[in-house]
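Q: Just one file: my_file-v5.tsv, with TSV, C-alpha atoms and all ligand atoms.
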chain	number	residue	atom	x	y	z
A	1	MET	CA	-10.55	-14.71	-28.46
A	2	THR	CA	-9.16	-18.12	-27.59
A	3	THR	CA	-5.60	-19.18	-26.99
A	4	SER	CA	-4.15	-22.52	-26.08
A	5	THR	CA	-3.49	-23.47	-22.48
A	6	THR	CA	0.05	-23.02	-21.29
A	7	SER	CA	1.47	-26.06	-19.58
A	8	PHE	CA	2.49	-24.73	-16.20
A	9	ALA	CA	3.65	-27.23	-13.60
A	10	PHE	CA	0.47	-28.66	-12.11
A	11	GLU	CA	-0.16	-30.70	-8.97
A	12	ARG	CA	-3.73	-31.95	-8.96
A	13	ILE	CA	-5.68	-32.06	-5.69
A	14	ALA	CA	-6.01	-35.62	-4.30
A	15	LYS	CA	-9.77	-35.28	-3.78
A	16	SER	CA	-11.89	-32.40	-5.04
A	17	ARG	CA	-13.88	-30.46	-2.43
A	18	ILE	CA	-16.55	-29.46	-4.95
A	19	ASN	CA	-19.22	-31.75	-3.45
A	20	GLU	CA	-18.98	-29.82	-0.17
A	21	ILE	CA	-20.21	-26.63	-1.86
A	22	ASP	CA	-23.82	-25.52	-1.68
A	23	PHE	CA	-24.14	-24.05	-5.18
A	24	ASN	CA	-27.64	-22.82	-4.33
A	25	ASN	CA	-26.34	-20.63	-1.55
A	26	LEU	CA	-23.11	-19.02	-2.71
A	27	GLU	CA	-22.26	-16.45	-0.10
A	28	PHE	CA	-19.68	-14.09	-1.63
A	29	GLY	CA	-16.12	-15.16	-0.83
A	30	LYS	CA	-16.99	-18.15	1.35
A	31	TYR	CA	-15.71	-20.95	-0.88
A	32	ILE	CA	-12.33	-21.27	-2.57
A	33	SER	CA	-11.96	-23.64	-5.54
A	34	ASP	CA	-9.67	-26.69	-5.54
A	35	HIS	CA	-6.53	-25.10	-7.00
A	36	MET	CA	-4.48	-21.93	-6.84
A	37	LEU	CA	-1.75	-20.50	-9.02
A	38	MET	CA	1.50	-19.25	-7.51
A	39	ALA	CA	4.52	-17.48	-8.96
A	40	ASP	CA	7.58	-15.86	-7.40
A	41	PHE	CA	9.35	-12.68	-8.34
A	42	LEU	CA	12.96	-13.60	-7.63
A	43	ASP	CA	16.30	-12.45	-9.01
A	44	GLY	CA	14.59	-9.50	-10.67
A	45	LYS	CA	12.08	-11.47	-12.71
A	46	TRP	CA	8.80	-13.36	-12.54
A	47	GLN	CA	9.40	-17.09	-12.43
A	48	GLU	CA	7.19	-19.68	-14.13
A	49	PRO	CA	3.91	-20.14	-12.19
A	50	THR	CA	2.79	-23.43	-10.72
A	51	ILE	CA	-0.75	-24.61	-10.10
A	52	LEU	CA	-1.30	-26.55	-6.90
A	53	PRO	CA	-4.06	-27.50	-4.46
A	54	PHE	CA	-5.42	-24.51	-2.56
A	55	GLY	CA	-3.89	-24.45	0.90
A	56	ASP	CA	-1.70	-22.63	3.37
A	57	ILE	CA	1.70	-21.30	2.38
A	58	PRO	CA	4.75	-20.95	4.63
A	59	MET	CA	5.53	-17.40	5.65
A	60	SER	CA	7.86	-15.55	7.96
A	61	PRO	CA	6.38	-13.24	10.61
A	62	ALA	CA	8.96	-10.77	9.27
A	63	MET	CA	7.38	-10.86	5.78
A	64	LEU	CA	7.45	-7.28	4.53
A	65	SER	CA	3.84	-7.06	3.32
A	66	LEU	CA	2.62	-7.65	6.88
A	67	HIS	CA	4.66	-4.74	8.17
A	68	TYR	CA	4.64	-2.15	5.42
A	69	GLY	CA	1.60	-3.03	3.34
A	70	GLN	CA	3.03	-3.92	-0.07
A	71	SER	CA	0.00	-5.90	-1.18
A	72	VAL	CA	-2.14	-5.36	-4.24
A	73	PHE	CA	-5.06	-7.32	-5.68
A	74	GLU	CA	-7.65	-7.53	-8.44
A	75	GLY	CA	-11.24	-8.75	-8.57
A	76	MET	CA	-12.48	-10.33	-11.79
A	77	LYS	CA	-15.11	-12.75	-12.98
A	78	ALA	CA	-15.48	-15.83	-15.19
A	79	PHE	CA	-18.76	-17.20	-16.51
A	80	LYS	CA	-20.02	-20.19	-18.48
A	81	ASN	CA	-21.64	-18.71	-21.58
A	82	LYS	CA	-24.70	-19.94	-23.42
A	83	ASP	CA	-22.58	-22.34	-25.53
A	84	GLY	CA	-20.93	-23.84	-22.44
A	85	ASP	CA	-17.61	-22.06	-23.12
A	86	ILE	CA	-15.76	-20.09	-20.45
A	87	CYS	CA	-15.78	-16.30	-20.60
A	88	ILE	CA	-13.30	-14.27	-18.53
A	89	PHE	CA	-14.49	-10.69	-18.56
A	90	ARG	CA	-12.04	-7.96	-19.65
A	91	PRO	CA	-8.74	-9.51	-18.50
A	92	GLN	CA	-6.70	-6.92	-20.43
A	93	LYS	CA	-8.35	-4.04	-18.58
A	94	HIS	CA	-7.75	-5.79	-15.25
A	95	SER	CA	-4.14	-6.45	-16.20
A	96	GLU	CA	-3.70	-2.75	-17.00
A	97	ARG	CA	-5.19	-1.71	-13.65
A	98	LEU	CA	-3.16	-4.29	-11.71
A	99	ASN	CA	0.02	-2.96	-13.27
A	100	LYS	CA	-0.92	0.63	-12.36
A	101	SER	CA	-1.52	-0.48	-8.77
A	102	LEU	CA	1.78	-2.38	-8.72
A	103	ALA	CA	3.72	0.58	-10.10
A	104	ARG	CA	2.24	2.88	-7.40
A	105	MET	CA	3.31	0.43	-4.72
A	106	CYS	CA	6.84	-0.03	-6.13
A	107	MET	CA	6.10	-3.62	-7.05
A	108	PRO	CA	7.11	-5.40	-10.26
A	109	GLU	CA	4.51	-5.33	-13.02
A	110	ILE	CA	3.20	-8.62	-14.36
A	111	PRO	CA	3.39	-8.90	-18.16
A	112	GLU	CA	-0.14	-9.03	-19.62
A	113	GLU	CA	0.59	-12.31	-21.37
A	114	LEU	CA	1.72	-14.00	-18.14
A	115	PHE	CA	-1.31	-12.62	-16.29
A	116	ILE	CA	-3.80	-13.82	-18.88
A	117	GLN	CA	-2.15	-17.20	-19.36
A	118	SER	CA	-2.24	-17.67	-15.59
A	119	LEU	CA	-5.96	-16.90	-15.40
A	120	HIS	CA	-6.64	-19.09	-18.41
A	121	ALA	CA	-4.79	-22.11	-17.02
A	122	LEU	CA	-6.31	-21.92	-13.55
A	123	VAL	CA	-9.89	-21.25	-14.65
A	124	GLU	CA	-9.70	-24.04	-17.22
A	125	ILE	CA	-8.56	-26.52	-14.56
A	126	ASP	CA	-11.28	-25.52	-12.08
A	127	GLN	CA	-14.02	-24.90	-14.66
A	128	ALA	CA	-16.40	-27.25	-12.82
A	129	TRP	CA	-16.49	-24.59	-10.09
A	130	ILE	CA	-18.05	-21.95	-12.38
A	131	PRO	CA	-21.63	-21.60	-11.17
A	132	THR	CA	-24.34	-21.31	-13.77
A	133	SER	CA	-27.23	-20.00	-11.67
A	134	GLU	CA	-28.49	-16.51	-12.46
A	135	GLY	CA	-26.26	-13.75	-11.13
A	136	ALA	CA	-23.52	-16.16	-10.04
A	137	SER	CA	-19.99	-16.40	-11.41
A	138	LEU	CA	-16.52	-17.62	-10.59
A	139	TYR	CA	-14.86	-14.69	-8.81
A	140	LEU	CA	-11.12	-14.47	-9.56
A	141	ARG	CA	-8.79	-12.95	-7.02
A	142	PRO	CA	-5.23	-12.26	-8.25
A	143	VAL	CA	-2.95	-10.95	-5.47
A	144	VAL	CA	0.67	-9.73	-5.42
A	145	PHE	CA	2.43	-9.24	-2.09
A	146	ALA	CA	5.87	-8.69	-0.59
A	147	TYR	CA	7.17	-12.03	0.66
A	148	GLU	CA	10.70	-11.16	1.74
A	149	PRO	CA	11.37	-11.39	5.49
A	150	ARG	CA	13.05	-8.18	6.72
A	151	LEU	CA	12.29	-5.52	9.33
A	152	GLY	CA	14.01	-2.62	7.58
A	153	VAL	CA	11.62	-0.34	5.72
A	154	LYS	CA	12.40	-1.34	2.16
A	155	ILE	CA	10.88	-2.42	-1.13
A	156	ALA	CA	10.84	-6.22	-1.07
A	157	ASP	CA	13.03	-8.07	-3.54
A	158	HIS	CA	10.95	-11.23	-3.26
A	159	MET	CA	7.26	-10.96	-4.16
A	160	LYS	CA	4.61	-13.59	-4.69
A	161	PHE	CA	1.75	-13.55	-7.19
A	162	PHE	CA	-1.14	-15.90	-6.65
A	163	ILE	CA	-4.66	-16.38	-7.97
A	164	LEU	CA	-7.57	-17.88	-6.07
A	165	THR	CA	-10.98	-18.53	-7.55
A	166	SER	CA	-14.29	-18.62	-5.73
A	167	PRO	CA	-17.81	-19.51	-6.87
A	168	ALA	CA	-19.83	-16.49	-5.82
A	169	GLY	CA	-23.36	-15.19	-5.77
A	170	ALA	CA	-24.54	-11.61	-5.37
A	171	TYR	CA	-22.38	-9.37	-3.18
A	172	PHE	CA	-25.36	-7.48	-1.75
A	173	SER	CA	-28.59	-9.33	-1.09
A	174	LYS	CA	-30.74	-6.20	-1.13
A	175	PRO	CA	-30.59	-2.50	-2.11
A	176	THR	CA	-28.01	-0.71	0.01
A	177	ARG	CA	-28.24	2.11	2.52
A	178	LEU	CA	-25.29	4.50	2.24
A	179	LYS	CA	-24.14	7.24	4.55
A	180	VAL	CA	-22.29	10.25	3.16
A	181	GLU	CA	-19.03	10.29	5.14
A	182	GLU	CA	-17.97	13.70	6.39
A	183	THR	CA	-15.48	12.84	9.12
A	184	PHE	CA	-13.26	10.07	7.84
A	185	VAL	CA	-11.41	9.87	4.53
A	186	ARG	CA	-10.74	6.89	2.26
A	187	ALA	CA	-8.13	8.53	0.04
A	188	ALA	CA	-6.65	11.89	-0.78
A	189	GLU	CA	-5.55	13.02	-4.21
A	190	GLY	CA	-1.96	11.97	-4.74
A	191	GLY	CA	-2.41	9.00	-2.41
A	192	THR	CA	-3.20	5.40	-3.27
A	193	GLY	CA	-6.97	5.61	-3.77
A	194	PHE	CA	-6.78	4.61	-7.45
A	195	ALA	CA	-4.65	1.57	-6.63
A	196	LYS	CA	-6.29	-1.64	-5.55
A	197	CYS	CA	-3.99	-2.00	-2.56
A	198	ALA	CA	-4.91	-3.83	0.63
A	199	GLY	CA	-4.53	-0.79	2.90
A	200	ASN	CA	-7.37	1.08	1.18
A	201	TYR	CA	-9.74	-1.60	2.43
A	202	GLY	CA	-8.23	-1.98	5.91
A	203	GLY	CA	-8.49	1.76	6.45
A	204	ALA	CA	-12.19	1.71	5.57
A	205	PHE	CA	-13.18	-0.85	8.20
A	206	TYR	CA	-13.46	1.54	11.13
A	207	PRO	CA	-15.70	4.21	9.48
A	208	THR	CA	-17.76	1.45	7.85
A	209	THR	CA	-18.22	-0.28	11.21
A	210	LEU	CA	-19.48	2.97	12.72
A	211	ALA	CA	-21.88	3.44	9.79
A	212	ARG	CA	-23.10	-0.17	10.17
A	213	GLN	CA	-23.84	0.47	13.83
A	214	GLN	CA	-26.11	3.26	12.61
A	215	GLY	CA	-27.92	0.91	10.21
A	216	PHE	CA	-26.03	1.61	6.96
A	217	ASP	CA	-24.32	-0.90	4.67
A	218	GLN	CA	-21.49	1.26	3.35
A	219	VAL	CA	-20.18	4.78	3.50
A	220	LEU	CA	-20.25	7.11	0.53
A	221	TRP	CA	-16.77	8.61	0.59
A	222	THR	CA	-16.26	12.29	-0.08
A	223	ASP	CA	-13.14	14.19	-1.09
A	224	ALA	CA	-10.39	14.49	1.51
A	225	LYS	CA	-10.04	18.28	1.32
A	226	GLU	CA	-13.59	19.54	1.88
A	227	HIS	CA	-15.94	16.54	2.15
A	228	LYS	CA	-17.86	18.33	-0.56
A	229	TYR	CA	-17.61	16.03	-3.57
A	230	ILE	CA	-18.55	12.37	-3.86
A	231	ASP	CA	-15.76	9.89	-4.59
A	232	GLU	CA	-16.95	6.28	-4.38
A	233	ALA	CA	-18.42	3.76	-1.97
A	234	GLY	CA	-15.32	1.69	-1.20
A	235	VAL	CA	-16.35	-1.63	-2.76
A	236	MET	CA	-18.08	0.07	-5.68
A	237	ASN	CA	-18.17	3.20	-7.82
A	238	VAL	CA	-21.43	5.15	-7.72
A	239	MET	CA	-23.72	6.48	-10.44
A	240	PHE	CA	-26.84	8.63	-10.37
A	241	VAL	CA	-29.65	9.28	-12.83
A	242	ILE	CA	-30.59	12.94	-12.49
A	243	ASP	CA	-32.86	14.73	-14.95
A	244	GLY	CA	-32.63	11.65	-17.13
A	245	LYS	CA	-28.81	11.81	-17.42
A	246	LEU	CA	-26.28	9.33	-16.10
A	247	ILE	CA	-23.93	11.19	-13.77
A	248	THR	CA	-20.85	9.78	-12.06
A	249	PRO	CA	-17.81	11.26	-10.31
A	250	LYS	CA	-14.96	11.66	-12.75
A	251	LEU	CA	-11.83	9.67	-11.99
A	252	THR	CA	-9.10	11.22	-9.87
A	253	THR	CA	-6.11	9.65	-8.15
A	254	ALA	CA	-8.44	9.10	-5.16
A	255	LEU	CA	-10.94	6.84	-6.97
A	256	LEU	CA	-10.72	3.31	-8.26
A	257	ASP	CA	-11.00	3.09	-12.04
A	258	GLY	CA	-13.73	0.45	-11.93
A	259	VAL	CA	-13.91	-1.99	-14.83
A	260	THR	CA	-17.69	-2.29	-14.41
A	261	ARG	CA	-17.87	1.53	-14.21
A	262	ASP	CA	-16.04	1.78	-17.52
A	263	SER	CA	-18.23	-0.93	-19.09
A	264	ILE	CA	-21.44	0.82	-18.06
A	265	LEU	CA	-20.26	4.21	-19.28
A	266	THR	CA	-19.40	2.57	-22.61
A	267	LEU	CA	-22.80	0.87	-22.91
A	268	ALA	CA	-24.93	3.83	-21.72
A	269	PRO	CA	-25.13	5.85	-24.98
A	270	GLY	CA	-26.41	2.76	-26.81
A	271	LEU	CA	-29.22	2.62	-24.26
A	272	GLY	CA	-30.14	6.23	-25.00
A	273	MET	CA	-28.42	7.69	-21.99
A	274	THR	CA	-26.34	10.87	-21.92
A	275	VAL	CA	-23.29	10.44	-19.68
A	276	GLU	CA	-21.62	13.07	-17.55
A	277	GLN	CA	-18.36	12.28	-15.77
A	278	ARG	CA	-17.61	15.25	-13.58
A	279	LYS	CA	-17.37	16.44	-10.02
A	280	VAL	CA	-20.60	15.53	-8.20
A	281	SER	CA	-21.20	17.51	-5.04
A	282	VAL	CA	-23.12	16.27	-2.03
A	283	ALA	CA	-25.16	19.49	-2.26
A	284	GLU	CA	-26.19	18.63	-5.82
A	285	ILE	CA	-27.44	15.20	-4.77
A	286	GLU	CA	-29.32	16.65	-1.81
A	287	GLU	CA	-30.88	19.28	-4.06
A	288	ALA	CA	-31.87	16.62	-6.60
A	289	PHE	CA	-33.61	14.65	-3.87
A	290	LYS	CA	-35.46	17.74	-2.72
A	291	LYS	CA	-36.53	18.58	-6.27
A	292	GLY	CA	-37.36	14.97	-7.11
A	293	SER	CA	-35.04	15.03	-10.13
A	294	ILE	CA	-32.95	12.05	-8.99
A	295	THR	CA	-34.61	8.84	-10.10
A	296	GLU	CA	-31.86	6.27	-9.62
A	297	ALA	CA	-28.65	5.70	-7.71
A	298	PHE	CA	-26.59	2.53	-7.90
A	299	GLY	CA	-23.16	1.13	-7.22
A	300	THR	CA	-21.01	-0.60	-9.82
A	301	GLY	CA	-18.15	-3.03	-9.30
A	302	THR	CA	-16.90	-6.45	-10.24
A	303	ALA	CA	-18.32	-7.99	-7.08
A	304	ALA	CA	-21.28	-5.61	-6.78
A	305	VAL	CA	-22.06	-5.67	-10.56
A	306	VAL	CA	-24.93	-3.13	-10.57
A	307	SER	CA	-26.29	-2.75	-7.03
A	308	PRO	CA	-29.32	-0.57	-6.40
A	309	ILE	CA	-29.00	2.07	-3.69
A	310	ALA	CA	-32.13	2.42	-1.55
A	311	THR	CA	-31.09	5.26	0.74
A	312	ILE	CA	-28.46	7.97	0.91
A	313	ASN	CA	-28.03	9.66	4.26
A	314	ILE	CA	-26.88	13.26	3.85
A	315	HIS	CA	-26.01	15.34	6.94
A	316	GLY	CA	-28.15	12.99	9.06
A	317	THR	CA	-31.23	12.91	6.80
A	318	ASP	CA	-32.25	9.74	4.97
A	319	TYR	CA	-33.17	10.33	1.32
A	320	ASN	CA	-34.88	7.32	-0.24
A	321	LEU	CA	-35.03	6.12	-3.81
A	322	PRO	CA	-37.86	4.12	-5.35
A	323	ALA	CA	-37.22	0.44	-6.08
A	324	ALA	CA	-35.67	0.13	-9.56
A	325	ASP	CA	-38.21	-1.27	-12.02
A	326	PRO	CA	-37.41	-3.32	-15.16
A	327	GLY	CA	-37.50	-0.17	-17.32
A	328	SER	CA	-34.91	1.63	-15.17
A	329	PHE	CA	-31.49	2.34	-16.63
A	330	GLN	CA	-29.75	0.20	-14.01
A	331	HIS	CA	-31.90	-2.82	-14.91
A	332	ARG	CA	-31.41	-2.38	-18.62
A	333	VAL	CA	-27.65	-1.88	-18.44
A	334	LYS	CA	-27.17	-4.82	-16.06
A	335	GLU	CA	-29.13	-7.04	-18.41
A	336	LYS	CA	-27.12	-5.83	-21.40
A	337	LEU	CA	-23.84	-6.50	-19.60
A	338	ASN	CA	-24.95	-9.98	-18.55
A	339	ASN	CA	-26.22	-10.77	-22.03
A	340	MET	CA	-22.91	-9.73	-23.56
A	341	ARG	CA	-20.90	-11.81	-21.12
A	342	LEU	CA	-23.09	-14.87	-21.58
A	343	GLY	CA	-23.09	-14.62	-25.38
A	344	PHE	CA	-26.76	-13.69	-25.86
A	345	GLU	CA	-25.64	-10.40	-27.45
A	346	PRO	CA	-22.59	-9.83	-29.64
A	347	ASP	CA	-19.39	-8.85	-27.85
A	348	VAL	CA	-18.92	-5.71	-29.94
A	349	HIS	CA	-16.25	-4.28	-27.63
A	350	GLY	CA	-14.10	-7.42	-27.53
A	351	TRP	CA	-14.43	-7.72	-23.76
A	352	ASN	CA	-14.87	-11.47	-23.49
A	353	TYR	CA	-11.86	-13.75	-23.28
A	354	ILE	CA	-13.29	-17.07	-24.39
A	355	ILE	CA	-11.83	-20.44	-23.48
A	356	SER	CA	-13.39	-23.10	-25.62
A	357	THR	CA	-14.54	-26.19	-23.75
A	358	GLN	CA	-15.61	-28.21	-26.81
B	401	LIG	C1	-14.38	-6.22	-6.48
B	401	LIG	O1	-15.43	-5.71	-6.83
B	401	LIG	O2	-13.85	-7.12	-7.13
B	401	LIG	C2	-13.71	-5.82	-5.27
B	401	LIG	O3	-12.54	-6.01	-5.19
B	401	LIG	C3	-14.49	-5.23	-4.17
B	401	LIG	C4	-14.45	-6.01	-2.91
B	401	LIG	C5	-15.05	-7.37	-3.01
B	401	LIG	C6	-13.12	-6.01	-2.26
Please re-express this file's structure in structure tokens.
A:
Amino acid sequence: MTTSTTSFAFERIAKSRINEIDFNNLEFGKYISDHMLMADFLDGKWQEPTILPFGDIPMSPAMLSLHYGQSVFEGMKAFKNKDGDICIFRPQKHSERLNKSLARMCMPEIPEELFIQSLHALVEIDQAWIPTSEGASLYLRPVVFAYEPRLGVKIADHMKFFILTSPAGAYFSKPTRLKVEETFVRAAEGGTGFAKCAGNYGGAFYPTTLARQQGFDQVLWTDAKEHKYIDEAGVMNVMFVIDGKLITPKLTTALLDGVTRDSILTLAPGLGMTVEQRKVSVAEIEEAFKKGSITEAFGTGTAAVVSPIATINIHGTDYNLPAADPGSFQHRVKEKLNNMRLGFEPDVHGWNYIISTQ
């Protein structure tokens, strides 16, 4: 689908920083593109966005998001496809999830049209920043946060919405080592686990730091009540291939409804895979390792894409997985997803938002 660019107010950067970027070494999140989009929620409505050079913004130390955590974000990607056009992947699905997160945090929803027009305008302006090397993309980071200065515990009346973009390579450079977490909790049912709010990530730092000190990359979160069932890995959802079936924890209010998760579950049957979305217990995974019936485990996420898991530590024992070969499900589904986004395979699900560059 292609729509015309909206003419938001636009202040062009005096001198592009693009020549300072090492496009052969795109560490995730290190570089921010020339421009950013900003919009205010004031007087009960979203105002017209403006696009301006990326830079600092004025803020009050009393800004409510700093004190009470009203801050929500998304993570999305844009690519240059095989014809040289721009493809933003599944913006409608991201808009839907952003609005669910905003509603949970008592923040004003952003109309889908405004959201997509904003992405379109910004990505079109900074299209030179879209990397074309294999596995790289322009990572898009929309954020909404409470801007009003006030110390009283209240829902802010003044919010800001902004989008940054960042040329990014792979999130993980090698297969990950995960530790099943049985002490700390990421999210409880009824909490904010399904929302992409800043506090979910801040709260994960301490347990993740402890796991890193023990040689792991991430923790594998378990349910808050019993530490019995697997939830997700914090920056990615998780999937397992057991007895030849694709198994993943079913969504609850404690898990993020990953867009890549949803894409993979949609593509799996076409690749001959039976899918089970259900409760997955730690005991079942341990048993599968002992029996040798688990052949693959991987994380899925916008940043992580499809990231192989090398090791899962369960109750102090490391269980290792073989390196994923080209015939593995994770390889095949990642390739399919990339091919669809880059235009080498038809976009039968209507996931690609195409901006023509011709
Ligand atoms: C994403 O996959 O986009 C995320 O938001 C995860 C992490 C980089 C925060």
Q: Show me which residues are within 6 Å of ligand LIG 401 (chain B) counting only C-alpha atoms and all ligand atoms, and format the list as a ChimeraX atom specification.
A: /A:75-76,235,301-304
Q: Can you work out which one of A:Lys30, A:Phe216, A:Gly152, A:Gln47 has the shortest atom-to-atom distance to Tyr139 of chain A, counting only C-alpha atoms?
A: A:Lys30
Q: Give the answer as one residue: which of A:Ser7, A:Ser166, A:Thr176, A:Thr183 has the shortest atom-to-atom distance to Ala78 of chain A, using only C-alpha atoms?
A: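 Smallest separation from Ala78 of chain A among the options: A:Ser166.
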Q: Given only C-alpha atoms as the basis, pick out the residue of A:Ile155, A:Ile32, A:Ile51, A:Val72 nearest to Gln117 of chain A.
A: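 Closest to Gln117 of chain A of all the choices is A:Ile51.
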Q: Within 9 Å of Val333 of chain A, counting only C-alpha atoms, which residues qualify if same-chain residues fewer than 5 places away don't, as a CSV table (one decimal) with C-alpha atoms, in the coordinates of the input?
A:
chain,number,residue,atom,x,y,z
A,264,ILE,CA,-21.4,0.8,-18.1
A,267,LEU,CA,-22.8,0.9,-22.9
A,268,ALA,CA,-24.9,3.8,-21.7
A,271,LEU,CA,-29.2,2.6,-24.3
A,306,VAL,CA,-24.9,-3.1,-10.6
A,328,SER,CA,-34.9,1.6,-15.2
A,338,ASN,CA,-25.0,-10.0,-18.6
Q: Skipping near chain neighbours, those fewer than 6 positions away, what residues fall within 8 Å of segment 143-149 of chain A using only C-alpha atoms, listed as a list in words?
A: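 With the cut-off at 8 Å, the set is Met59, Ser60, Pro61, Ala62, Met63, Leu64, Ser65, Gln70, Ser71, Val72, Phe73, Glu74, Ala156, Asp157, His158, Met159, Lys160, Phe161, Phe162 and Ile163 of chain A.
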Q: Which residues, protein or nucleic acid, reach to within 10 Å of (-13.4, 3.9, 0.4) in the file's coordinates when using all atoms listed in the file, and can you give that as a ChimeraX atom specification?
A: /A:181,184-187,193,200-205,207-208,218-222,231-237,254-256
Q: Work out how far atom CA of Met107 of chain A is from atom CA of Leu138 of chain A, in Å to one decimal.
A: 26.8 Å
Q: Which residue, A:Leu52, A:Leu321, A:Val275, A:Leu178, has the smallest gap to Ile294 of chain A when you use all atoms listed in the file?
A: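 Checking each candidate against Ile294 of chain A, we get A:Leu321 as the closest.
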